[in-house]
Amino acid sequence: MIRMDKNDHAAIQAVLAGDKEAYGALVVRHSHSLFRVAYRITGNEADAEDVVQEAFLRGYRKLEGFESRANFSTWIYRIAVHCALDRVRHRRGDETNWAGRVGETNDPEQDQLQVPDQAAGPDRLVLSGEIGSMQETALRSLTATERTAFVLRHMEDRTTAEIGAALGIEPNAAKQAVFRAVQKLRRRLAPLRVAT
Amino acid sequence: MHLTDEEMIQKAYGESENLASVEEHLRGCRECADNFAELERDLTGLDRVTAPERDAHYGERVWASIAPSLPAYGPLYASGSKSAERRWWANGLWKGLGYAAACALLVACAFYAGQRWEERKQQPVAQVDHKTPQAKQPIVVVVLDDHLDRSERFLVELKHADMDSAAMASPMRAEAQSLLAANRVCQKNVAQSNDPGLTTALDHLDRLLAEAANEPGGLNANSIAKLQDEMNADGLLFEVRVLRSRITHQKRPGSDPAKGGTI
């Protein structure tokens with residue numbers, strides 16, 4: 001039976017005191033937000049669900065190291081971001097076609113030439129509702145770090161400092177990752193911009 | 001001088017380090033304003049990438065899927081650094097006890113294995129010392145061989161005895177008495193060896209020796225003739241020779257049994 005009447009810290013104390021079920025309240029409370037960020041980073045529902053489970057498992061094992069002054073939401077969120085990032089990196093190692101169709105190069109001309117379905121007419125793209133798919137493809141062209149940084153900044157409204165903390169990098173490096181991601185996305189989506 | 005991409009992106013995300021200066025530039029620079037507007041449109045378009053919604057029970061499903069694999073924390077995991085110290089101490093204690101137990105078990109196993117090895121090593125010696133029949137056999141064989149040798153010589157003398165010579169009769173009687181005593185000892189020993197042939201031969205020898213040793217008035221021509229008849233009837237001399245040959249062969253394994261016999 002999952003109890004929802006405890007705040008995060010009380011639930012954590014209960015868990016550490018031996019009440020395992022108290023962790024269920026934390027899971028229920030934060031699963032949706034973790035799924036959302038996991039999906040945006042991985043771009044895949046199945047992967048996102050796996051990431052959510054893995055994040056909560058890791059969180060449970062590390063719970064004794066959780067600082068009581070910290071925010072559990074932020075803490076578990078970072079864990080989920082790490083899990084998602086690991087999954088994207090692992091997937092990129094396994095699947096050559098994940099981003100391989102677009103590649104990861106800094107050459108703008110080459111990037112534009114590699115955008116899939118570029119030959120398709122804009123009208124057809126709009127009518128078939130493939131704009132979102134093209135954007136997703138553009139997102140997948142980013143490195144794992146760039147994509148994660150962009151997702152956290154653009155979709156999750158996280159500050160540069162938070163992004164740096166979540167990715168384990170310096171804030172300036174996180175800022176640069178966001179810049180590179182935006183520049184790459186704009187280049188890839190330029191044909192779409194002309195069409196609309 | 002126009003705004004850089006970085007400055008415009010920072011502005012779009014509300015992180016401009018010098019917001020007033022950037023906004024003033026955008027108001028005065030049509031080109032940068034157009035570029036910034038285009039950037040905002042691009043970024044707005046990217047909002048279309050949205051995560052699919054999970055239903056209200058999603059969190060409970062997540063919990064149900066991971067709960068079985070989560071061990072409960074013990075009471076030692078209460079909050080605070082003291083609990084961490086206690087936990088560390090407890091973990092260290094249990095680890096130490098575990099190592100100690102493992103070492104003790106190892107030593108015990110080594111001790112037991114050593115004992116077993118020593119037992120196996122000493123086992124053959126113990127068997128020789130304690131298995132009575134096998135241990136005594138060489139001594140019995142030596143004594144029996146000697147007795148049969150003397151008996152054979154006595155029987156040979158008896159076979160070729162000069163019935164008219166009283167000088168021979170007296171020593172033969174004394175020898176018979178001596179052999180009779182020795183024969184009784186050998187009979188006792190042989191009785192435990194479960195050797196029917198040897199037992200029978202010693203019984204025959206006993207009867208003959210007893211008659212020779214206890215002949216009233218001493219040995220004379222008649223008694224000697226009578227003993228010779230008995231000896232020949234039983235084939236006692238042949239029997240003793242065969243036994244002696246066998247015993248000699250047992251005493252010296254590998255030697256030719258025929259060499260032990262003399263006529």
# chains A, B, ... in the order shown; residues from 1 in each chain; ligands from 1
call {"tool": "closest_atom_pairs", "arguments": {"of": "chain A", "to": "chain B", "cutoff": "6 Å", "atoms": "only C-alpha atoms", "output": "tab-separated table"}}
result
residue	atom	partner	partner_atom	distance
A:Leu16	CA	B:Tyr77	CA	5.1
A:Ala17	CA	B:Pro75	CA	4.9
A:Gly18	CA	B:Tyr73	CA	4.5
A:Lys20	CA	B:Ala72	CA	5.2
A:Gly24	CA	B:Trp63	CA	5.6
A:Val27	CA	B:Gly59	CA	5.9
A:Val28	CA	B:Gly59	CA	3.9
A:Ser31	CA	B:Gly59	CA	5.2
A:Arg36	CA	B:Ala51	CA	5.5
A:Tyr39	CA	B:Ala51	CA	6.0
call {"tool": "residues_around", "arguments": {"residues": "A:Tyr77", "least_positions_apart": "4", "cutoff": "9 Å", "atoms": "only C-alpha atoms", "output": "short mmCIF file (atom, residue, chain, number, x, y, z; two decimals) with C-alpha atoms, in the first residue's frame"}}
result
data_model
loop_
_atom_site.label_atom_id
_atom_site.label_comp_id
_atom_site.auth_asym_id
_atom_site.auth_seq_id
_atom_site.Cartn_x
_atom_site.Cartn_y
_atom_site.Cartn_z
CA HIS A 30 8.17 11.93 -9.15
CA SER A 33 8.52 14.31 -14.25
CA LEU A 34 11.29 11.76 -14.61
CA VAL A 37 12.79 14.35 -19.09
CA ALA A 55 16.83 6.10 -11.74
CA PHE A 72 14.87 15.08 -3.46
CA SER A 73 13.19 16.18 -6.66
CA VAL A 81 19.39 12.61 -16.43
CA HIS A 82 22.55 10.59 -15.86
CA ALA A 166 23.09 17.37 -13.76
#
call {"tool": "atom_distance", "arguments": {"atom1": "atom CA of A:Met155", "atom2": "atom CA of A:Trp75"}}
result
18.4 Å
call {"tool": "atom_distance", "arguments": {"atom1": "atom CA of A:His154", "atom2": "atom CA of B:Arg27"}}
result
24.6 Å
call {"tool": "residues_around", "arguments": {"residues": "A:Tyr23", "least_positions_apart": "6", "cutoff": "9 Å", "atoms": "only C-alpha atoms", "output": "JSON, numbers by chain"}}
result
{"A": [2, 11, 12, 14, 15, 60], "B": [63, 67]}
call {"tool": "atom_distance", "arguments": {"atom1": "atom CA of B:Lys11", "atom2": "atom CA of A:Leu142"}}
result
22.0 Å
call {"tool": "closest_residue", "arguments": {"among": "B:Met172, B:Ala221, B:Glu152, B:Ser193", "to": "B:Leu236", "atoms": "only C-alpha atoms"}}
result
B:Glu152
call {"tool": "residues_around", "arguments": {"residues": "A:Glu162", "least_positions_apart": "4", "cutoff": "10 Å", "atoms": "only C-alpha atoms", "output": "PyMOL selection string"}}
result
chain A and resi 74+78+149+152-153+157-158+166-171+174
call {"tool": "residues_around", "arguments": {"residues": "A:Ala138", "least_positions_apart": "4", "cutoff": "7 Å", "atoms": "only C-alpha atoms", "output": "NGL selection string"}}
result
:A and (134 or 185 or 188)
call {"tool": "write_last_selection", "arguments": {"atoms": "N, CA and C atoms", "output": "PDB file, in the first residue's frame"}}
result
ATOM      1  N   MET A 134      10.863  15.445 -38.222  1.00  0.00           N
ATOM      2  CA  MET A 134      12.109  16.045 -38.689  1.00  0.00           C
ATOM      3  C   MET A 134      12.846  16.735 -37.547  1.00  0.00           C
ATOM      4  N   LEU A 185      20.729  22.610 -34.489  1.00  0.00           N
ATOM      5  CA  LEU A 185      19.301  22.403 -34.756  1.00  0.00           C
ATOM      6  C   LEU A 185      18.800  23.419 -35.786  1.00  0.00           C
ATOM      7  N   ARG A 188      19.901  22.424 -39.244  1.00  0.00           N
ATOM      8  CA  ARG A 188      19.188  21.261 -39.768  1.00  0.00           C
ATOM      9  C   ARG A 188      17.733  21.590 -40.115  1.00  0.00           C
TER      10      ARG A 188
END
